[in-house]
Amino acid sequence: MRVLGIETSCDETGIAIYDSELGLLGDALYSQVDVHAEYGGVVPELASRDHVRKTLPLIRQVMEASGTSADQLDGIAYTAGPGLVGALMVGACVGQSMAYAWNVPAIGVHHMEGHLLAPMLEDNPPEYPFVALLVSGGHTQLVKVEGLGEYELLGESLDDAAGEAFDKAAKMLDLDYPGGPRIAQLAESGTQGRFKFPRPMTDRPGLDFSFSGLKTFTLNTVAAHALEDGLPDNQTSADIAFAFQEAVVGTLVIKCRRALKETGFKTLVIAGGVSANIRLREELEAALAKVGAKVFYARHEFCTDNGAMIAYAGCQRLLAGQQSPAAVKVRPRWPMEELPSLNGSSTGNG
């Protein structure tokens with residue numbers, strides 16, 4: 001089965017074509033980072049307008065580059081949620097319209113399931129069951145994964161997600177958007193041990209996260225060392241970035257080890273934009289090696305939002321006979337536990 005995937009949940013337009021026998025045939029991504037950078041974050045209306053401009057040209061580009069014609073496609077997959085409602089509507093309308101015109105089934109894909117399955121695109125994919133750490137945008141979740149569509153939420157952020165905390169800490173240090181890569185880059189020149197930031201909610205049982213207190217601690221530290229221009233000197237800023245990153249990474253590692261212990265699993269999958277953080281990968285690999293567990297993640301370009309993960313996830317569900325009704329429907333909020341398993345009904349959500 002050959003499936004066209006369309007990702008338009010937030011500020012990146014991703015298109016890909018996945019073949020169940022040949023693998024990924026082509027993909028392209030357009031990032032809106034430059035569009036939103038001057039505002040310090042995503043502006044929903046601008047995001048939607050850019051998806052309108054970029055989606056069809058990218059589809060043509062990927063189809064031509066992969067040598068795929070319309071009559072070779074067996075299905076269309078598009079992100080149906082969660083995400084920005086206007087951005088989601090663009091992909092859903094395009095996907096459903098093309099599916100109708102080409103007389104192929106369409107499937108609305110859950111954005112976080114796409115991230116969860118992104119490591120399956122690698123040459124050495126993980127095997128079920130596993131624990132998944134999903135750290136994408138406004139989501140920080142630990143999920144018990146028994147199989148495709150068989151998910152149990154173990155813990156999640158009660159306030160700011162890890163990615164949001166990175167963005168807000170970057171703003172405090174007057175760094176550009178997006179904050180995660182900027183904090184990581186600045187932290188490379190930071191001094192270990194100068195600052196000690198708290199690891200929120202690690203001193204109590206459970207698998208939930210909270211990063212709002214860490215954000216406040218960072219704000220107070222910046223203010224305490226600010227110069228006349230309101231910012232610390234360059235080295236102090238780097239030391240704060242280092243301590244902040246260590247606190248986030250340390251918190252995630254502690255919770256992941258706890259989740260593996262509770263489930264008895266020996267495999268962790270980490271997915272989403274924050275999974276591209278090199279320090280997080282290093283610390284997880286080292287910590288899990290001590291308990292005989294392994295960590296899997298997607299290649300760097302598939303950590304952030306992309307069409308390949310949507311094409312893959314949609315292909316698996318279409319192969320199982322699931323598809324979405326012809327009506328255009330998106331879900332800006334969509335608990336992943338509501339997804340049907342492969343043994344469930346043949347009609348999907350979205």
# chains A, B, ... in the order shown; residues from 1 in each chain; ligands from 1

$ residues_around --residues "Tyr18 of chain A" --least-positions-apart "5" --cutoff "7 Å" --atoms "only C-alpha atoms" --output "ChimeraX atom specification"
/A:2-4,23-25,311-312

$ select_by_dssp --residues "segment 71-156 of chain A" --states "strand (DSSP E)" --output "PyMOL selection string"
chain A and resi 75-81+106-110+130-136+139-147+150-156

$ write_last_selection --atoms "N, CA, C and O atoms" --output "CSV table (one decimal), in the first residue's frame"
chain,number,residue,atom,x,y,z
A,75,GLY,N,-4.0,5.5,-0.6
A,75,GLY,CA,-4.7,6.2,0.5
A,75,GLY,C,-4.0,7.5,0.8
A,75,GLY,O,-2.9,7.8,0.4
A,76,ILE,N,-4.8,8.3,1.5
A,76,ILE,CA,-4.3,9.6,2.0
A,76,ILE,C,-4.4,9.7,3.5
A,76,ILE,O,-5.4,9.3,4.1
A,77,ALA,N,-3.3,10.1,4.2
A,77,ALA,CA,-3.3,10.3,5.6
A,77,ALA,C,-3.0,11.7,5.9
A,77,ALA,O,-2.1,12.3,5.3
A,78,TYR,N,-3.7,12.3,6.8
A,78,TYR,CA,-3.5,13.7,7.2
A,78,TYR,C,-3.6,13.8,8.7
A,78,TYR,O,-4.3,13.0,9.4
A,79,THR,N,-3.0,14.8,9.3
A,79,THR,CA,-3.1,15.0,10.8
A,79,THR,C,-4.4,15.6,11.1
A,79,THR,O,-4.8,16.7,10.6
A,80,ALA,N,-5.2,14.9,11.9
A,80,ALA,CA,-6.5,15.4,12.3
A,80,ALA,C,-6.5,16.0,13.7
A,80,ALA,O,-7.5,16.6,14.1
A,81,GLY,N,-5.4,15.9,14.4
A,81,GLY,CA,-5.3,16.5,15.8
A,81,GLY,C,-4.3,15.7,16.6
A,81,GLY,O,-3.8,14.7,16.1
A,106,ALA,N,-9.3,7.8,3.0
A,106,ALA,CA,-8.5,8.8,3.8
A,106,ALA,C,-8.6,8.4,5.3
A,106,ALA,O,-9.5,7.8,5.7
A,107,ILE,N,-7.5,8.7,6.0
A,107,ILE,CA,-7.5,8.5,7.4
A,107,ILE,C,-6.9,9.7,8.2
A,107,ILE,O,-5.9,10.2,7.8
A,108,GLY,N,-7.7,10.1,9.2
A,108,GLY,CA,-7.2,11.2,10.0
A,108,GLY,C,-6.3,10.6,11.1
A,108,GLY,O,-6.7,9.8,11.9
A,109,VAL,N,-5.0,11.1,11.1
A,109,VAL,CA,-4.0,10.5,12.0
A,109,VAL,C,-3.8,11.4,13.3
A,109,VAL,O,-3.9,12.6,13.2
A,110,HIS,N,-3.6,10.7,14.4
A,110,HIS,CA,-3.3,11.4,15.6
A,110,HIS,C,-1.9,11.9,15.6
A,110,HIS,O,-1.0,11.0,15.4
A,130,PHE,N,6.6,-1.4,24.6
A,130,PHE,CA,7.6,-0.4,25.1
A,130,PHE,C,7.0,0.7,25.8
A,130,PHE,O,5.7,0.9,25.7
A,131,VAL,N,7.8,1.5,26.5
A,131,VAL,CA,7.3,2.8,27.1
A,131,VAL,C,7.7,3.9,26.1
A,131,VAL,O,8.9,3.9,25.7
A,132,ALA,N,6.8,4.8,25.9
A,132,ALA,CA,7.2,6.0,25.0
A,132,ALA,C,7.2,7.2,25.8
A,132,ALA,O,6.2,7.5,26.6
A,133,LEU,N,8.2,8.0,25.6
A,133,LEU,CA,8.3,9.4,26.2
A,133,LEU,C,8.0,10.3,25.0
A,133,LEU,O,8.8,10.4,24.1
A,134,LEU,N,6.9,11.0,25.0
A,134,LEU,CA,6.5,11.9,24.0
A,134,LEU,C,6.7,13.3,24.4
A,134,LEU,O,6.1,13.8,25.4
A,135,VAL,N,7.7,14.0,23.8
A,135,VAL,CA,8.0,15.4,24.2
A,135,VAL,C,7.9,16.3,23.0
A,135,VAL,O,8.9,16.5,22.3
A,136,SER,N,6.7,16.7,22.6
A,136,SER,CA,6.5,17.5,21.4
A,136,SER,C,5.6,18.7,21.7
A,136,SER,O,4.5,18.5,22.2
A,139,HIS,N,3.2,18.9,24.7
A,139,HIS,CA,3.0,17.6,25.2
A,139,HIS,C,4.2,17.1,25.9
A,139,HIS,O,5.3,17.1,25.3
A,140,THR,N,4.1,16.6,27.1
A,140,THR,CA,5.1,15.7,27.7
A,140,THR,C,4.4,14.6,28.3
A,140,THR,O,3.6,14.8,29.3
A,141,GLN,N,4.5,13.4,27.8
A,141,GLN,CA,3.7,12.3,28.2
A,141,GLN,C,4.6,11.0,28.3
A,141,GLN,O,5.5,10.8,27.4
A,142,LEU,N,4.3,10.1,29.2
A,142,LEU,CA,4.8,8.8,29.3
A,142,LEU,C,3.6,7.8,29.0
A,142,LEU,O,2.6,7.9,29.6
A,143,VAL,N,3.8,7.0,28.0
A,143,VAL,CA,2.7,6.1,27.5
A,143,VAL,C,3.2,4.7,27.5
A,143,VAL,O,4.3,4.4,27.0
A,144,LYS,N,2.4,3.8,28.0
A,144,LYS,CA,2.6,2.4,27.9
A,144,LYS,C,2.0,1.9,26.6
A,144,LYS,O,0.9,2.1,26.3
A,145,VAL,N,2.9,1.3,25.7
A,145,VAL,CA,2.5,0.9,24.4
A,145,VAL,C,2.6,-0.6,24.3
A,145,VAL,O,3.7,-1.2,24.3
A,146,GLU,N,1.4,-1.3,24.2
A,146,GLU,CA,1.4,-2.7,24.0
A,146,GLU,C,1.4,-3.1,22.5
A,146,GLU,O,1.8,-4.2,22.1
A,147,GLY,N,0.9,-2.2,21.7
A,147,GLY,CA,0.8,-2.4,20.2
A,147,GLY,C,0.2,-1.2,19.6
A,147,GLY,O,-0.1,-0.2,20.3
A,150,GLU,N,-2.8,0.5,21.1
A,150,GLU,CA,-3.0,0.0,22.5
A,150,GLU,C,-2.2,0.8,23.4
A,150,GLU,O,-1.0,0.4,23.7
A,151,TYR,N,-2.7,1.9,23.9
A,151,TYR,CA,-2.0,2.9,24.7
A,151,TYR,C,-2.6,3.1,26.0
A,151,TYR,O,-3.8,3.1,26.2
A,152,GLU,N,-1.7,3.3,27.0
A,152,GLU,CA,-2.2,3.6,28.4
A,152,GLU,C,-1.3,4.8,28.8
A,152,GLU,O,-0.1,4.7,28.9
A,153,LEU,N,-2.0,5.9,29.2
A,153,LEU,CA,-1.2,7.1,29.6
A,153,LEU,C,-0.7,6.8,31.1
A,153,LEU,O,-1.5,6.5,32.0
A,154,LEU,N,0.6,6.9,31.2
A,154,LEU,CA,1.2,6.6,32.6
A,154,LEU,C,1.4,7.9,33.3
A,154,LEU,O,1.3,8.0,34.6
A,155,GLY,N,1.7,9.0,32.6
A,155,GLY,CA,1.9,10.3,33.3
A,155,GLY,C,2.0,11.4,32.2
A,155,GLY,O,2.4,11.1,31.1
A,156,GLU,N,1.8,12.6,32.6
A,156,GLU,CA,1.9,13.7,31.7
A,156,GLU,C,2.1,15.0,32.5
A,156,GLU,O,2.1,15.0,33.7

$ closest_residue --among "A:Ala169, A:Asp71, A:Pro105, A:Ala241" --to "Gln322 of chain A" --atoms "only C-alpha atoms"
A:Pro105

$ residues_around --residues "Arg333 of chain A" --least-positions-apart "6" --cutoff "12 Å" --atoms "only C-alpha atoms" --output "number ranges by chain"
A: 9, 80-85, 88, 110-112, 138-139, 350

$ write_last_selection --atoms "all heavy atoms" --output "tab-separated table (two decimals), in the first residue's frame"
chain	number	residue	atom	x	y	z
A	9	SER	N	-0.19	20.39	11.55
A	9	SER	CA	-0.80	20.60	12.86
A	9	SER	C	-0.40	21.91	13.52
A	9	SER	O	-1.12	22.43	14.36
A	9	SER	CB	-0.43	19.45	13.80
A	9	SER	OG	0.95	19.45	14.07
A	80	ALA	N	-5.20	14.89	11.94
A	80	ALA	CA	-6.53	15.36	12.32
A	80	ALA	C	-6.53	15.99	13.71
A	80	ALA	O	-7.52	16.55	14.14
A	80	ALA	CB	-7.53	14.21	12.27
A	81	GLY	N	-5.42	15.90	14.43
A	81	GLY	CA	-5.32	16.48	15.76
A	81	GLY	C	-4.29	15.71	16.57
A	81	GLY	O	-3.79	14.69	16.12
A	82	PRO	N	-3.96	16.20	17.75
A	82	PRO	CA	-4.25	17.55	18.24
A	82	PRO	C	-3.38	18.59	17.55
A	82	PRO	O	-2.40	18.24	16.90
A	82	PRO	CB	-3.92	17.44	19.74
A	82	PRO	CG	-2.90	16.36	19.81
A	82	PRO	CD	-3.22	15.39	18.73
A	83	GLY	N	-3.76	19.86	17.71
A	83	GLY	CA	-3.00	20.92	17.06
A	83	GLY	C	-3.84	22.18	16.97
A	83	GLY	O	-4.89	22.31	17.60
A	84	LEU	N	-3.37	23.12	16.16
A	84	LEU	CA	-4.10	24.37	15.94
A	84	LEU	C	-5.25	24.10	14.97
A	84	LEU	O	-5.04	23.55	13.89
A	84	LEU	CB	-3.17	25.43	15.35
A	84	LEU	CG	-1.93	25.79	16.18
A	84	LEU	CD1	-1.04	26.77	15.41
A	84	LEU	CD2	-2.34	26.38	17.52
A	85	VAL	N	-6.45	24.49	15.34
A	85	VAL	CA	-7.61	24.10	14.56
A	85	VAL	C	-7.54	24.58	13.12
A	85	VAL	O	-7.86	23.84	12.18
A	85	VAL	CB	-8.92	24.58	15.24
A	85	VAL	CG1	-8.98	26.10	15.33
A	85	VAL	CG2	-10.14	24.01	14.53
A	88	LEU	N	-4.90	22.51	11.24
A	88	LEU	CA	-5.41	21.15	11.01
A	88	LEU	C	-6.44	21.12	9.88
A	88	LEU	O	-6.46	20.18	9.07
A	88	LEU	CB	-6.06	20.61	12.29
A	88	LEU	CG	-5.12	20.31	13.47
A	88	LEU	CD1	-5.94	20.05	14.73
A	88	LEU	CD2	-4.24	19.11	13.16
A	110	HIS	N	-3.63	10.71	14.40
A	110	HIS	CA	-3.33	11.41	15.64
A	110	HIS	C	-1.87	11.85	15.60
A	110	HIS	O	-0.96	11.05	15.39
A	110	HIS	CB	-3.57	10.48	16.83
A	110	HIS	CG	-3.59	11.16	18.15
A	110	HIS	ND1	-2.45	11.68	18.74
A	110	HIS	CD2	-4.60	11.41	19.03
A	110	HIS	CE1	-2.76	12.22	19.90
A	110	HIS	NE2	-4.06	12.06	20.11
A	111	HIS	N	-1.66	13.15	15.81
A	111	HIS	CA	-0.32	13.72	15.70
A	111	HIS	C	0.68	13.03	16.62
A	111	HIS	O	1.82	12.73	16.23
A	111	HIS	CB	-0.39	15.21	16.02
A	111	HIS	CG	0.92	15.92	15.96
A	111	HIS	ND1	1.54	16.25	14.78
A	111	HIS	CD2	1.74	16.38	16.95
A	111	HIS	CE1	2.68	16.87	15.02
A	111	HIS	NE2	2.83	16.96	16.33
A	112	MET	N	0.29	12.76	17.86
A	112	MET	CA	1.21	12.15	18.82
A	112	MET	C	1.46	10.68	18.49
A	112	MET	O	2.55	10.16	18.77
A	112	MET	CB	0.69	12.31	20.24
A	112	MET	CG	0.55	13.77	20.69
A	112	MET	SD	2.07	14.74	20.43
A	112	MET	CE	3.18	13.94	21.58
A	138	GLY	N	3.43	21.21	23.10
A	138	GLY	CA	2.75	21.33	24.37
A	138	GLY	C	2.50	20.01	25.07
A	138	GLY	O	1.68	19.95	25.99
A	139	HIS	N	3.17	18.94	24.65
A	139	HIS	CA	2.96	17.62	25.23
A	139	HIS	C	4.23	17.07	25.87
A	139	HIS	O	5.30	17.12	25.27
A	139	HIS	CB	2.47	16.63	24.17
A	139	HIS	CG	1.17	17.00	23.53
A	139	HIS	ND1	1.09	17.89	22.47
A	139	HIS	CD2	-0.10	16.61	23.79
A	139	HIS	CE1	-0.17	18.03	22.11
A	139	HIS	NE2	-0.91	17.27	22.89
A	350	GLY	N	-11.44	11.52	13.16
A	350	GLY	CA	-10.80	12.58	12.38
A	350	GLY	C	-11.46	12.78	11.06
A	350	GLY	O	-12.13	11.94	10.50
